[in-house]
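Here's entry.cif, which has mmCIF, C-alpha atoms:
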data_work
loop_
_atom_site.label_atom_id
_atom_site.label_comp_id
_atom_site.auth_asym_id
_atom_site.auth_seq_id
_atom_site.Cartn_x
_atom_site.Cartn_y
_atom_site.Cartn_z
CA MET A 1 -27.34 59.41 47.05
CA ASN A 2 -28.38 55.83 47.80
CA ASN A 3 -26.51 52.60 47.17
CA ASN A 4 -28.49 51.78 44.01
CA GLU A 5 -27.36 55.00 42.37
CA LEU A 6 -23.76 54.25 43.29
CA ILE A 7 -23.97 50.76 41.79
CA ALA A 8 -25.56 52.18 38.63
CA PHE A 9 -22.82 54.79 38.40
CA LEU A 10 -20.10 52.15 38.71
CA GLY A 11 -21.83 49.99 36.11
CA LYS A 12 -21.93 52.88 33.66
CA GLY A 13 -18.32 53.85 34.36
CA VAL A 14 -16.60 57.15 34.94
CA LEU A 15 -14.70 57.28 31.67
CA LYS A 16 -16.73 58.85 28.87
CA TRP A 17 -17.11 56.87 25.64
CA ASN A 18 -18.96 57.63 22.42
CA TYR A 19 -22.06 55.75 21.33
CA VAL A 20 -21.66 52.27 19.93
CA GLU A 21 -21.53 52.16 16.14
CA ASP A 22 -21.81 49.36 13.62
CA ILE A 23 -18.61 49.08 11.58
CA THR A 24 -19.32 45.82 9.74
CA ASP A 25 -19.27 47.47 6.33
CA ILE A 26 -16.19 49.50 7.23
CA GLU A 27 -14.33 46.38 8.29
CA GLU A 28 -15.22 44.64 5.05
CA GLN A 29 -13.98 47.57 3.01
CA LYS A 30 -10.80 47.71 5.08
CA ASN A 31 -10.14 44.03 4.41
CA ASP A 32 -10.62 44.65 0.70
CA THR A 33 -8.37 47.71 0.43
CA GLU A 34 -5.89 47.06 3.28
CA ASN A 35 -4.73 50.69 3.19
CA ASP A 36 -4.38 51.48 6.87
CA ASP A 37 -1.68 54.04 7.61
CA GLY A 38 -1.64 53.08 11.32
CA THR A 39 -1.45 56.63 12.64
CA LYS A 40 -3.23 57.10 15.98
CA SER A 41 -3.54 59.99 18.39
CA ILE A 42 -2.24 59.85 21.93
CA LEU A 43 -5.80 59.56 23.24
CA GLU A 44 -6.46 56.52 21.05
CA GLU A 45 -3.17 54.91 22.03
CA ILE A 46 -3.94 55.22 25.74
CA PHE A 47 -7.65 54.40 25.37
CA PRO A 48 -7.94 52.22 22.26
CA PRO A 49 -11.39 51.66 20.72
CA ARG A 50 -13.52 48.80 21.99
CA VAL A 51 -14.26 46.37 19.17
CA TRP A 52 -16.40 43.25 19.50
CA THR A 53 -18.74 41.11 17.42
CA ARG A 54 -22.20 39.69 18.03
CA ILE A 55 -25.00 38.02 16.15
CA ASP A 56 -28.04 40.12 15.33
CA ASN A 57 -31.62 38.99 14.93
CA ASN A 58 -30.99 37.89 11.34
CA ASN A 59 -28.19 35.53 12.50
CA LYS A 60 -25.66 37.81 10.90
CA VAL A 61 -22.34 38.54 12.50
CA ILE A 62 -21.87 42.27 12.99
CA THR A 63 -18.87 44.20 14.24
CA LEU A 64 -19.41 46.95 16.79
CA ARG A 65 -16.99 49.64 17.93
CA GLN A 66 -16.97 52.25 20.67
CA THR A 67 -14.34 55.01 20.68
CA ILE A 68 -13.25 57.30 23.47
CA SER A 69 -15.08 60.61 23.75
CA ARG A 70 -13.35 63.86 22.88
CA GLU A 71 -15.94 66.00 24.60
CA PRO A 72 -14.28 68.40 27.07
CA SER A 73 -15.40 68.52 30.67
CA ASN A 74 -17.27 71.31 32.43
CA ARG A 75 -17.62 72.49 36.02
CA ASP A 76 -20.73 70.41 36.65
CA GLY A 77 -18.99 67.24 35.53
CA VAL A 78 -15.97 67.88 37.73
CA HIS A 79 -18.18 68.65 40.74
CA LYS A 80 -20.13 65.44 40.14
CA MET A 81 -16.87 63.45 40.11
CA ILE A 82 -15.83 64.95 43.46
CA VAL A 83 -19.22 64.11 45.01
CA MET A 84 -19.13 60.57 43.64
CA ILE A 85 -15.65 59.78 44.91
CA ASN A 86 -16.60 61.05 48.39
CA HIS A 87 -19.70 58.83 48.40
CA LEU A 88 -17.67 55.84 47.25
CA GLU A 89 -15.19 56.36 50.09
CA GLN A 90 -18.08 56.29 52.57
CA PHE A 91 -19.70 53.33 50.83
CA TYR A 92 -16.64 51.05 50.72
CA LYS A 93 -15.04 52.46 53.89
CA PHE A 94 -11.57 51.63 52.65
CA LYS A 95 -8.51 52.76 54.56
CA LYS A 96 -6.84 55.94 53.35
CA LYS A 97 -3.26 54.78 54.01
CA GLY A 98 -1.33 51.68 53.11
CA ILE A 99 -2.00 49.17 50.33
CA CYS A 100 -5.72 48.86 49.56
CA GLU A 101 -6.92 47.25 46.32
CA THR A 102 -10.43 48.69 46.60
CA ARG A 103 -9.18 52.24 47.02
CA ASN A 104 -6.70 51.76 44.20
CA SER A 105 -9.42 50.50 41.83
CA VAL A 106 -11.79 53.37 42.62
CA HIS A 107 -9.07 55.98 42.18
CA ASN A 108 -8.00 54.44 38.87
CA LEU A 109 -11.54 54.79 37.54
CA PHE A 110 -11.54 58.51 38.22
CA PHE A 111 -7.94 58.96 37.12
CA ASP A 112 -8.73 57.63 33.65
CA GLU A 113 -11.40 60.31 33.19
CA VAL A 114 -9.03 63.00 34.52
CA LEU A 115 -6.34 61.78 32.12
CA ARG A 116 -8.80 61.93 29.22
CA GLN A 117 -9.68 65.52 30.05
CA VAL A 118 -6.00 66.54 30.34
CA ILE A 119 -5.15 64.95 26.98
CA ILE A 120 -7.98 66.85 25.32
CA MET A 121 -6.58 70.13 26.67
CA ASP A 122 -2.88 69.32 26.04
CA GLU A 123 -1.71 66.03 24.50
CA ASP A 124 1.95 66.40 25.57
CA LEU A 125 0.99 67.13 29.17
CA GLY A 126 -1.37 64.15 29.14
CA ALA A 127 1.39 61.87 27.82
CA ILE A 128 3.70 62.95 30.67
CA LEU A 129 0.94 62.38 33.23
CA TYR A 130 0.27 58.92 31.79
CA ARG A 131 3.95 57.94 32.06
CA ILE A 132 4.15 59.09 35.68
CA HIS A 133 0.96 57.26 36.58
CA SER A 134 2.21 54.06 34.93
CA GLU A 135 5.43 54.25 36.93
CA PHE A 136 3.50 54.62 40.19
CA LYS A 137 1.26 51.70 39.26
CA ASN A 138 4.29 49.49 38.67
CA MET A 139 5.84 50.55 41.97
CA ILE A 140 2.62 49.83 43.86
CA PHE A 141 2.38 46.41 42.22
CA ILE A 142 5.97 45.55 43.24
CA LEU A 143 5.37 46.70 46.82
CA LYS A 144 2.19 44.63 46.99
CA CYS A 145 4.05 41.53 45.78
CA MET A 146 6.76 42.07 48.38
CA TYR A 147 4.15 42.56 51.10
CA ASP A 148 2.26 39.39 50.11
CA LYS A 149 5.50 37.42 50.10
CA ALA A 150 6.41 38.72 53.55
CA VAL A 151 2.98 37.78 54.90
CA VAL A 152 3.15 34.26 53.42
CA THR A 153 6.69 33.50 54.55
CA ASN A 154 6.27 35.49 57.80
CA ASN A 155 9.98 36.31 57.61
CA LEU A 156 11.89 38.42 55.10
CA TYR A 157 15.27 37.10 56.29
CA PRO A 158 16.65 33.58 55.91
CA GLU A 159 16.99 31.28 58.88
CA SER A 160 20.23 31.38 60.79
CA SER A 161 20.84 27.69 60.09
CA ASN A 162 21.05 28.42 56.35
CA VAL A 163 23.61 31.22 56.72
CA ASN A 164 27.23 30.55 55.80
CA PRO A 165 29.31 30.34 59.05
CA LYS A 166 32.16 32.25 57.38
CA LEU A 167 29.83 35.21 56.81
CA VAL A 168 28.84 35.18 60.47
CA THR A 169 32.52 35.20 61.48
CA ASP A 170 33.26 38.11 59.13
CA VAL A 171 30.36 40.09 60.53
CA GLU A 172 31.56 39.54 64.10
CA TYR A 173 35.12 40.55 63.15
CA LEU A 174 33.98 43.75 61.45
CA THR A 175 31.70 44.56 64.36
CA ARG A 176 34.60 44.23 66.81
CA ILE A 177 36.83 46.47 64.68
CA ASN A 178 34.07 49.02 64.44
CA ASN A 179 33.67 49.09 68.22
CA GLU A 180 37.43 49.52 68.71
CA LEU A 181 37.52 52.42 66.27
CA LYS A 182 34.64 54.06 68.09
CA ILE A 183 36.58 53.81 71.38
CA LYS A 184 39.75 55.27 69.79
CA CYS A 185 37.79 58.10 68.29
CA ARG A 186 36.19 58.88 71.63
CA LEU A 187 39.58 58.90 73.42
CA SER A 188 41.18 61.10 70.76
CA LYS A 189 38.33 63.55 71.04
CA GLN A 190 38.73 63.62 74.83
CA ARG A 191 42.48 64.31 74.56
CA HIS A 192 41.84 67.16 72.17
CA LEU A 193 39.31 68.67 74.55
CA ASN A 194 41.78 68.38 77.46
CA ARG A 195 44.43 70.24 75.45
CA LEU A 196 42.00 73.02 74.71
CA LYS A 197 41.13 73.27 78.39
CA LYS A 198 44.81 73.51 79.34
CA LYS A 199 45.42 76.31 76.90
CA GLU A 200 42.39 78.18 78.11
CA SER A 201 43.41 77.73 81.78
CA GLY A 202 46.95 79.18 81.20
CA GLU A 203 49.00 76.12 82.17
CA ASP A 204 51.10 76.49 79.01
CA TYR A 205 51.93 80.14 79.77
CA LYS A 206 55.40 79.32 81.20
CA PHE A 207 56.24 77.25 78.17
CA LEU A 208 55.31 80.13 75.88
CA VAL A 209 57.47 82.57 77.92
CA LEU A 210 60.44 80.19 77.71
CA LEU A 211 60.06 79.96 73.95
CA LYS A 212 60.02 83.75 73.65
CA MET A 213 63.23 84.04 75.74
CA LYS A 214 65.02 81.46 73.60
CA TYR A 215 63.86 83.28 70.48
CA LYS A 216 65.28 86.61 71.75
CA MET A 217 68.62 85.01 72.74
CA LEU A 218 68.94 83.30 69.37
CA ASN A 219 68.04 86.50 67.56
CA ASN A 220 70.69 88.48 69.49
CA TYR A 221 73.33 85.84 68.78
CA ILE A 222 72.54 85.99 65.06
CA LYS A 223 72.84 89.79 65.08
CA ARG A 224 76.26 89.71 66.86
CA SER A 225 77.57 87.08 64.48
CA THR A 226 76.37 89.10 61.51
CA GLU A 227 78.13 92.26 62.79
CA GLN A 228 81.39 90.36 63.40
CA LEU A 229 81.31 88.98 59.87
CA LYS A 230 80.71 92.45 58.44
CA VAL A 231 83.62 93.95 60.43
CA SER A 232 85.92 91.11 59.43
CA GLY A 233 85.01 91.64 55.78
CA LEU A 234 85.75 95.39 55.96
CA MET A 235 89.18 94.99 57.72
CA GLU A 236 90.44 92.29 55.38
CA GLY A 237 93.01 93.68 52.85
CA THR A 238 94.14 96.68 55.01
CA ASP A 239 97.63 97.27 56.48
CA GLU A 240 96.44 96.71 60.03
CA TYR A 241 94.97 93.33 59.03
CA ASP A 242 98.27 92.27 57.34
CA ASP A 243 100.31 93.28 60.42
CA ALA A 244 97.97 91.34 62.63
CA VAL A 245 98.38 88.26 60.46
CA ASP A 246 102.18 88.62 60.53
CA LYS A 247 102.11 88.85 64.30
CA ASP A 248 99.72 85.86 64.54
CA PHE A 249 97.19 88.19 66.11
CA LEU A 250 93.55 87.32 65.77
CA PHE A 251 91.25 90.29 65.43
CA ASP A 252 88.58 90.50 68.02
CA PRO A 253 85.87 93.09 67.32
CA LYS A 254 85.06 93.31 71.01
#

Encoded form (structure tokens):
Amino acid sequence: MNNNELIAFLGKGVLKWNYVEDITDIEEQKNDTENDDGTKSILEEIFPPRVWTRIDNNNKVITLRQTISREPSNRDGVHKMIVMINHLEQFYKFKKKGICETRNSVHNLFFDEVLRQVIIMDEDLGAILYRIHSEFKNMIFILKCMYDKAVVTNNLYPESSNVNPKLVTDVEYLTRINNELKIKCRLSKQRHLNRLKKKESGEDYKFLVLLKMKYKMLNNYIKRSTEQLKVSGLMEGTDEYDDAVDKDFLFDPK
């Protein structure tokens, strides 16, 4: 495919439209009746009809209209679109990454035809695809504006002379606190690791043995005290206990 064929293809357009029709009489009747219900399909809302006027050979103003085609696509048409977009990429040699207006324009031409074909198959699916594509177009436009502004100003950040000195002081203070907290966190982590190493090496074994001995001694003392209290409770109220009290004798269970 040569360059002339590519230029002719771009001049004709990728999106399929119906033949141009003269609607002068229809427009006159519409102006007389004015009974337009205003209902439109999703395809007509996305691709509204082209309407324009011109003067014919009899110096009469005529109104022409061209509506979007509802003819479904076939395999040959899809294959032709793939071949054409590959040739256009080689013809324009646009970059495949980053922001490129030429690539964006070419892809939009083919996307409109793809969107038309999807709407013909399923209107709801086509409406969703149109909303997603519109959102991406807006995002690309915003990114392009930001990029152009960055290129013009050559700096996205304000000059240091225009910055409030109090903000600079606050940033330095917070940076210093952040560094101190990092140091404390590092030291705490190191102490924890040292404790784990000590436990693994057995240096706390003596301390654990001492705790066990104290636990046994305390447990034995509690048992002896409990037995003494039980014996004292059983002897209280007997004759031997009364004689011991009269003689000022303290009972010793031992």

Inset, instruction - For Gly126 in chain A, please output as a PyMOL selection string all residues within 9 Å (counting only C-alpha atoms; exclusion window: fewer than 3 positions along the same chain). - result: chain A and resi 42-43+115-123+129-131

Inset, instruction - Give me the residues within 12 Å of Lys80 in chain A as an MDAnalysis selection string, counting all atoms listed in the file and dropping any in the same chain fewer than 4 places off. - result: chainID A and resid 1 9 14 73:76 84:87 110

Inset, instruction - Using CA of Ile46 in chain A and CA of Lys137 in chain A as the two end points, give the distance in Å to one decimal. - result: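 For CA of Ile46 in chain A relative to CA of Lys137 in chain A, the distance reads 14.9 Å.
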
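Between CA of Asn57 in chain A and CA of Thr24 in chain A the interatomic distance comes to 15.0 Å.
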
Inset, instruction - Please measure the separation of CA of Leu143 in chain A and CA of Leu88 in chain A, giving the value in Å to one decimal. - result: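 For CA of Leu143 in chain A relative to CA of Leu88 in chain A, the distance reads 24.8 Å.
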
Inset, instruction - Could you give me, as a ChimeraX atom specification, the residues within 12 Å of Glu101 in chain A, counting all atoms listed in the file and dropping anything in the same chain fewer than 3 positions from it? - result: /A:92,94-98,104-108,137,140-141,144

Inset, instruction - Would you kindly return, as a PyMOL selection string, each protein, DNA or RNA residue with an atom no farther than 8 Å from any atom of Arg54 in chain A, considering all atoms listed in the file and excluding same-chain residues fewer than 5 positions away? - result: chain A and resi 61-64
